[in-house]
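Below: the structure, in structure tokens.
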Amino acid sequence: MMGAVADRLAASLESQASTREFGSWMAAEQKRVFLLCRRMLQDAGEADSATQDTFIKAWRSLNRAESKDLDDPARWLTRIAVNTCLDRLRSRRWQFWRKRPEPEDEQTILQLAPAAGPNAEDKIFAEQIGQRLATALDKLSLRQRAVFALRHYEDRSLADIAGILDLDIGTVKVHLFRAIEKLREELHDLYFRDRVKK
Amino acid sequence: MKHWTENDFEQWLYGLKEQDSHTGTCEECSAELERLTLTRRLAVAEPEIPEEFLAEQRRSIYHRLQNAGRNFAPLRWAVSLAVLLAVVVSLTLPLSKKPTLPLTNDEQLYSDLARIEQTDEPKAIQPLHNLFEE
């Protein structure tokens with residue numbers, strides 16, 4: 001009798017501890033995951049839902065015995081986030097009536113802080129071109145978008161991206177190459193505008 | 001050796017091209033690499049997200065996790081199955097319904113049986129008798 005009570009108490013304490021541990025891990029990863037989702041989905045509201053789904057999936061998976069040994073939790077979480085976003089992008093294809101959110105609406109959710117840089121003009125320019133580039137991601141296929149987002153925004157190595165997306169590195173290179181080709185105009189303006197002026 | 005082109009620089013930025021001996025020695029190209037690195041850092045700088053928004057998001061996650069533990073998934077399936085069965089039964093029942101014969105009470109049945117028993121001739125003979133009656 002006492003043993004059963006002690007077991008329940010131990011399980012409850014263990015559960016509370018794991019919830020606390022998960023909570024602090026979530027707080028540490030939350031912003032990164034949200035930004036990744038936002039960059040992939042281009043919609044703050046949808047990115048919010050995707051971020052929530054990501055952590056809920058992670059929690060459920062962690063509660064299953066087979067997922068307890070994770071050598072790289074951040075990468076594992078990124079994989080869940082990317083797959084969640086890809087699922088949403090796939091289902092979005094059928095929602096032809098869906099309207100793009102107004103940039104002003106996004107601003108109410110996110111107050112963009114000025115980027116760190118040498119002068120105000122550069123900051124404004126970087127912000128503008130960043131938004132233009134983000135909008136241009138619609139030109140890319142789902143895989144190209146995922147590869148480009150992970151490389152451009154998260155600065156992940158190609159091997160890392162291959163691991164996250166479960167692709168071989170050659171395929172990642174092809175996707176990235178094609179993505180750069182499609183974004184040529186935006187990337188040119190981002191990186192070589194000054195050269196043209198000179 | 002020739003200077004790197006815009007294409008080369010772009011590919012290097014995205015990990016598709018490695019630096020070579022030229023960029024190691026050419027001041028112009030190495031300065032361009034530095035400039036591009038800085039530009040990219042500016043363009044991908046993380047926007048600030050209000051802490052209240054993140055806290056609200058965490059609360060939603062906890063709320064959903066709590067509700068997920070309380071849901072009755074098997075019961076949901078049972079309800080769906082019951083509804084499906086009810087629909088199937090209601091659709092098939094009228095089809096399998098057979099026409100019923102008019103009911104007779106017990107007394108009528110017994111009197112019919114007694115009449116049959118009392119007559120010597122089978123009932124089928126009666127129409128033949130009727131032929132010879134004037």
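We name chains A, B, ... following the order of the structure tokens; residues begin at 1 in each chain, and ligands are numbered from 1 as shown.
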
* Quick one: which residues from chain B are at most 8 Å off chain A, using only C-alpha atoms, as an MDAnalysis selection string? -> chainID B and resid 6 11 14:16 36 39:40 42:50 53:54 57:58 60:61 64:65

* To do: Kindly give the distance, in Å, that separates atom CA of Phe132 of chain B and atom CA of Ala114 of chain B, rounded to a single decimal.
  => 26.4 Å

* Find the distance between atom CA of Thr171 of chain A and atom CA of Asp138 of chain A and write it in Å to one decimal. => 20.1 Å

* Report the residues of chain B whose backbone DSSP state falls under alpha helix (DSSP H), written as number ranges by chain. => B: 6-13, 21-25, 27-43, 51-70, 73-96, 106-118, 126-132
